[in-house]
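Trainee: Before anything else, here's the structure in question.
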Amino acid sequence: MIETRTGAAVETWADARLAGRVWSLHVLGTGAADAVDLGASSAVLECDGKPILMIDCGPDALEHYLHAYGALPPAVYITHGHMDHVAGLERLFHAAWFDPARRGGVKLFAHANLIPILQARVADYPGAVAEGGANFWEGFRLIAVSRGFWLGDGWFDVFATRHHVPGTSFGIALRGCFAWTGDTRPIPEALAAVADERMLIAHDCSLVGNPSHTGVEDIEREYPAQLHAQLLLYHYGSAADAQAMRGRGFKVAVPDGRYPLCAPSPVRAEAG
Ligand SMILES: [Zn+2]
Ligand SMILES: [Zn+2]
């Protein structure tokens with residue numbers, strides 16, 4: 001429990017640890033944009049096996065999600081506008097729009113910088129549905145964020161990553177629990193601000209880096225050795241690349257893999 005400014009005690013997610021709840025990160029897909037067999041990189045934060053937040057919605061991510069959970073996600077966070085992370089939003093729109101119980105009910109979190117990008121990429125098509133009467137964003141509850149956002153009683157930090165044009169790609173972290181970098185070059189300064197020694201840090205990485213993505217040598221050079229054990233690498237080019245990275249001592253996510261997490265830390269008063 002924490003005390004609010006009015007003195008009222010509210011239950012936080014941190015209390016779930018006391019109730020013995022199980023937190024995990026379900027990685028739906030682990031592939032780079034051209035690694036179709038591995039699925040588009042996407043993940044779901046779970047508590048006791050129940051989905052809390054889906055991260056990214058690439059071409060096949062919603063199908064993977066529906067196969068796993070049998071219903072639309074309650075909330076989705078979008079890291080950036082590349083199609084391997086947003087191409088499933090049209091499919092999600094249709095599923096939400098034509099289900100009166102879910103229309104406008106799926107929370108869609110995105111950094112404010114991404115709104116014009118998403119508008120151009122997925123929303124600005126004449127006639128969201130053939131029958132008319134539908135505006136694309138009415139299918140969701142679009143929530144623009146900057147430093148982070150509340151979901152339930154948890155505060156999720158949002159942080160800028162290094163991927164193509166500055167200010168167009170943003171990772172997410174739940175203190176004490178996990179961080180998901182989204183696509184990025186190494187960002188030790190950003191992770192130092194949002195991560196602690198307990199968190200699982202899911203990080204963009206393939207065997208060889210490039211100007212937009214991290215390679216395993218970048219990881220070895222840019223991050224302190226004690227952080228390596230916290231890393232879970234994803235967004236790689238092939239199963240062979242994954243095996244080679246394991247051979248260098250790193251944990252590498254597999255499609256449909258579930259990874260245990262520590263319970264979120266108590267929410268800090270300055271959050272929000
Ligand atoms: Zn990507
Ligand atoms: Zn990208």
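Residue numbering restarts at 1 for every chain of the structure tokens, chains are lettered A, B, ... in their displayed order, and ligands are numbered from 1 as they appear.
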Enumerate residues in contact with ligand 2: an atom-to-atom distance of at most 9 Å, counting only C-alpha atoms and all ligand atoms. Format the result as a ChimeraX atom specification.
Mentor: /A:32-33,79-85,163-164,169,182-184,212-213
Trainee: Fewer than 6 positions away in the same chain doesn't count, so skip those; otherwise give me all residues within 9 Å of range 104-113 of chain A, counting only C-alpha atoms, as an NGL selection string.
Mentor: :A and (72-80 or 96-97 or 137-149 or 158 or 167-170)
Trainee: Would you save the residues from that selection as an mmCIF file, in the first residue's frame, using C-alpha atoms?
Mentor:
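Writing done, so here's selection.cif:
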```cif
data_model
loop_
_atom_site.group_PDB
_atom_site.id
_atom_site.type_symbol
_atom_site.label_atom_id
_atom_site.label_comp_id
_atom_site.auth_asym_id
_atom_site.auth_seq_id
_atom_site.Cartn_x
_atom_site.Cartn_y
_atom_site.Cartn_z
ATOM 1 C CA LEU A 72 -8.234 -8.536 -27.994
ATOM 2 C CA PRO A 73 -5.507 -6.956 -25.847
ATOM 3 C CA PRO A 74 -6.709 -4.560 -23.138
ATOM 4 C CA ALA A 75 -3.851 -2.170 -23.927
ATOM 5 C CA VAL A 76 -1.136 -1.776 -26.560
ATOM 6 C CA TYR A 77 2.048 0.311 -26.478
ATOM 7 C CA ILE A 78 3.679 1.278 -29.783
ATOM 8 C CA THR A 79 7.449 1.859 -29.800
ATOM 9 C CA HIS A 80 7.768 3.427 -33.269
ATOM 10 C CA ALA A 96 -12.186 -3.641 -32.263
ATOM 11 C CA TRP A 97 -14.528 -1.656 -34.499
ATOM 12 C CA TRP A 137 -8.928 6.368 -34.102
ATOM 13 C CA GLU A 138 -12.451 5.780 -32.824
ATOM 14 C CA GLY A 139 -11.604 2.102 -32.881
ATOM 15 C CA PHE A 140 -9.176 2.684 -30.018
ATOM 16 C CA ARG A 141 -8.721 4.818 -26.974
ATOM 17 C CA LEU A 142 -5.618 6.632 -28.214
ATOM 18 C CA ILE A 143 -3.482 7.941 -25.359
ATOM 19 C CA ALA A 144 -0.566 10.200 -26.276
ATOM 20 C CA VAL A 145 2.287 10.057 -23.762
ATOM 21 C CA SER A 146 5.723 11.611 -23.288
ATOM 22 C CA ARG A 147 7.592 10.700 -20.057
ATOM 23 C CA GLY A 148 5.444 7.679 -19.359
ATOM 24 C CA PHE A 149 1.938 6.589 -18.434
ATOM 25 C CA VAL A 158 8.907 5.834 -21.669
ATOM 26 C CA GLY A 167 12.697 11.431 -31.375
ATOM 27 C CA THR A 168 10.834 8.776 -33.360
ATOM 28 C CA SER A 169 11.421 5.604 -31.316
ATOM 29 C CA PHE A 170 10.688 4.982 -27.645
#
```
Trainee: As a PyMOL selection string, which residues of range 47-135 of chain A does DSSP assign to helix (DSSP H, G or I)?
Mentor: chain A and resi 61-69+83-86+89-97+114-123
Trainee: With distances taken over only C-alpha atoms and all ligand atoms, which of A:Arg198, A:Lys251, A:His228, A:His203 is nearest to ligand 1?
Mentor: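 That would be A:His203, the residue with the smallest distance to ligand 1.
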Trainee: Identify, on the basis of only C-alpha atoms, every residue whose closest approach to Glu222 in chain A does not exceed 8 Å; exclude the query and any residue fewer than 3 positions from it along the same chain; express the result as a ChimeraX atom specification.
Mentor: /A:186,188,218-219
Trainee: Limited to N, CA and C atoms, could you put the picked residues into a file as a short mmCIF file (atom, residue, chain, number, x, y, z; two decimals), in the first residue's frame?
Mentor:
```cif
data_model
loop_
_atom_site.label_atom_id
_atom_site.label_comp_id
_atom_site.auth_asym_id
_atom_site.auth_seq_id
_atom_site.Cartn_x
_atom_site.Cartn_y
_atom_site.Cartn_z
N PRO A 186 22.72 0.85 -29.02
CA PRO A 186 22.88 0.81 -27.56
C PRO A 186 22.51 2.15 -26.92
N PRO A 188 23.02 2.99 -23.22
CA PRO A 188 23.35 2.81 -21.80
C PRO A 188 22.87 3.95 -20.92
N ASP A 218 28.33 -4.62 -30.16
CA ASP A 218 27.94 -3.34 -29.54
C ASP A 218 27.52 -3.55 -28.09
N ILE A 219 26.76 -4.63 -27.86
CA ILE A 219 26.33 -4.95 -26.49
C ILE A 219 27.56 -5.15 -25.60
#
```
Trainee: Taking into account only C-alpha atoms and all ligand atoms, which residue in the set A:Asp60, A:Asp204, A:Asp241, A:Glu131 is nearest to ligand 1?
Mentor: A:Asp204
Trainee: Choose the residue, out of A:Gly237, A:Gly49, A:Pro100, A:Gly152, that has the smallest atom-to-atom separation from ligand 1; count only C-alpha atoms and all ligand atoms.
Mentor: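 Checking each of A:Gly237, A:Gly49, A:Pro100, A:Gly152 against ligand 1, counting only C-alpha atoms and all ligand atoms, the winner is A:Gly237.
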Trainee: Rounded to one decimal in Å, what is the spacing between CA of Leu66 in chain A and CA of Phe159 in chain A?
Mentor: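 These atoms are spaced 28.2 Å apart.
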Trainee: In terms of the shortest atom-to-atom distance over only C-alpha atoms, which of A:Val208, A:Cys177, A:Ala160, A:Ala120 is closest to Glu46 in chain A?
Mentor: A:Cys177
Trainee: Which residues, written as a PyMOL selection string, have at least one atom at most 10 Å from His94 in chain A, with only C-alpha atoms counted and residues fewer than 6 positions away on the same chain left out?
Mentor: chain A and resi 103+128-129+136+139
Trainee: Take the residues that were just selected and, keeping N, CA and C atoms, output them as a PDB file, in the first residue's frame.
Mentor:
```
ATOM      1  N   ARG A 103     -15.269  -1.730 -29.130  1.00  0.00           N
ATOM      2  CA  ARG A 103     -15.012  -0.534 -29.927  1.00  0.00           C
ATOM      3  C   ARG A 103     -14.594   0.625 -29.032  1.00  0.00           C
ATOM      4  N   ALA A 128     -12.172   4.289 -43.413  1.00  0.00           N
ATOM      5  CA  ALA A 128     -11.600   3.262 -42.530  1.00  0.00           C
ATOM      6  C   ALA A 128     -12.313   1.928 -42.708  1.00  0.00           C
ATOM      7  N   VAL A 129     -13.631   1.986 -42.962  1.00  0.00           N
ATOM      8  CA  VAL A 129     -14.373   0.762 -43.317  1.00  0.00           C
ATOM      9  C   VAL A 129     -15.263   1.095 -44.510  1.00  0.00           C
ATOM     10  N   PHE A 136     -10.772   6.076 -37.978  1.00  0.00           N
ATOM     11  CA  PHE A 136      -9.801   5.064 -37.550  1.00  0.00           C
ATOM     12  C   PHE A 136      -9.554   5.115 -36.052  1.00  0.00           C
ATOM     13  N   GLY A 139     -11.692   3.522 -33.216  1.00  0.00           N
ATOM     14  CA  GLY A 139     -11.604   2.102 -32.881  1.00  0.00           C
ATOM     15  C   GLY A 139     -10.858   1.851 -31.587  1.00  0.00           C
TER      16      GLY A 139
END
```
Trainee: Could you list, as JSON, numbers by chain, every residue within 9 Å of Leu191 in chain A, counting only C-alpha atoms and ignoring same-chain residues fewer than 5 positions away?
Mentor: {"A": [159, 173, 179, 181, 196, 201]}
Trainee: Give me a file of those residues, with C-alpha atoms, as an mmCIF file, in the first residue's frame.
Mentor:
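What ended up in part_7.cif:
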```
data_model
loop_
_atom_site.group_PDB
_atom_site.id
_atom_site.type_symbol
_atom_site.label_atom_id
_atom_site.label_comp_id
_atom_site.auth_asym_id
_atom_site.auth_seq_id
_atom_site.Cartn_x
_atom_site.Cartn_y
_atom_site.Cartn_z
ATOM 1 C CA PHE A 159 12.388 6.652 -22.897
ATOM 2 C CA ALA A 173 10.121 0.161 -18.645
ATOM 3 C CA ALA A 179 12.416 -2.873 -19.869
ATOM 4 C CA THR A 181 13.995 -1.197 -25.709
ATOM 5 C CA ASP A 196 17.617 -1.361 -11.737
ATOM 6 C CA ILE A 201 16.040 -5.883 -20.105
#
```
Trainee: What separation in Å, quoted to one decimal, exists between CA of Pro260 in chain A and CA of Tyr234 in chain A?
Mentor: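 Interatomic distance here is 15.9 Å.
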Trainee: For Trp180 in chain A, list every protein, DNA or RNA residue within 6 Å, evaluated using only C-alpha atoms, and leave out those in the same chain fewer than 6 positions away; present the list as a list in words.
Mentor: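 Listed by chain and then number, they are Gly171, Ile172 and Ala202 of chain A.
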Trainee: Give the strand (DSSP E) residues of range 3-148 of chain A, as assigned by DSSP on the backbone, as an mmCIF file with C-alpha atoms, in the first residue's frame.
Mentor:
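The new file part25.cif reads:
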```cif
data_model
loop_
_atom_site.group_PDB
_atom_site.id
_atom_site.type_symbol
_atom_site.label_atom_id
_atom_site.label_comp_id
_atom_site.auth_asym_id
_atom_site.auth_seq_id
_atom_site.Cartn_x
_atom_site.Cartn_y
_atom_site.Cartn_z
ATOM 1 C CA GLU A 3 -0.391 6.764 0.890
ATOM 2 C CA ALA A 9 -4.157 4.132 1.021
ATOM 3 C CA VAL A 10 -4.344 2.567 -2.442
ATOM 4 C CA TRP A 23 4.803 -11.756 -13.486
ATOM 5 C CA SER A 24 6.168 -12.706 -16.856
ATOM 6 C CA LEU A 25 7.060 -11.350 -20.260
ATOM 7 C CA HIS A 26 5.575 -13.362 -23.105
ATOM 8 C CA VAL A 27 7.605 -12.675 -26.237
ATOM 9 C CA LEU A 28 5.310 -13.279 -29.198
ATOM 10 C CA GLY A 29 7.860 -12.759 -31.953
ATOM 11 C CA SER A 42 6.314 -8.032 -29.960
ATOM 12 C CA ALA A 43 5.661 -8.990 -26.347
ATOM 13 C CA VAL A 44 2.976 -9.110 -23.679
ATOM 14 C CA LEU A 45 3.367 -8.256 -19.996
ATOM 15 C CA GLU A 46 1.442 -10.846 -18.004
ATOM 16 C CA CYS A 47 0.362 -11.081 -14.381
ATOM 17 C CA LYS A 50 -3.398 -12.574 -17.739
ATOM 18 C CA PRO A 51 -2.316 -10.017 -20.344
ATOM 19 C CA ILE A 52 -1.708 -6.493 -19.034
ATOM 20 C CA LEU A 53 -0.027 -4.759 -21.960
ATOM 21 C CA MET A 54 0.929 -5.754 -25.500
ATOM 22 C CA ILE A 55 4.039 -4.077 -26.898
ATOM 23 C CA ALA A 75 -3.851 -2.170 -23.927
ATOM 24 C CA VAL A 76 -1.136 -1.776 -26.560
ATOM 25 C CA TYR A 77 2.048 0.311 -26.478
ATOM 26 C CA ILE A 78 3.679 1.278 -29.783
ATOM 27 C CA VAL A 106 -8.473 -0.975 -26.492
ATOM 28 C CA LYS A 107 -6.079 1.528 -24.936
ATOM 29 C CA LEU A 108 -3.410 2.470 -27.463
ATOM 30 C CA PHE A 109 -0.420 4.232 -25.897
ATOM 31 C CA ALA A 110 2.069 6.048 -28.120
ATOM 32 C CA HIS A 111 4.561 8.856 -27.623
ATOM 33 C CA PHE A 140 -9.176 2.684 -30.018
ATOM 34 C CA ARG A 141 -8.721 4.818 -26.974
ATOM 35 C CA LEU A 142 -5.618 6.632 -28.214
ATOM 36 C CA ILE A 143 -3.482 7.941 -25.359
ATOM 37 C CA ALA A 144 -0.566 10.200 -26.276
ATOM 38 C CA VAL A 145 2.287 10.057 -23.762
ATOM 39 C CA GLY A 148 5.444 7.679 -19.359
#
```
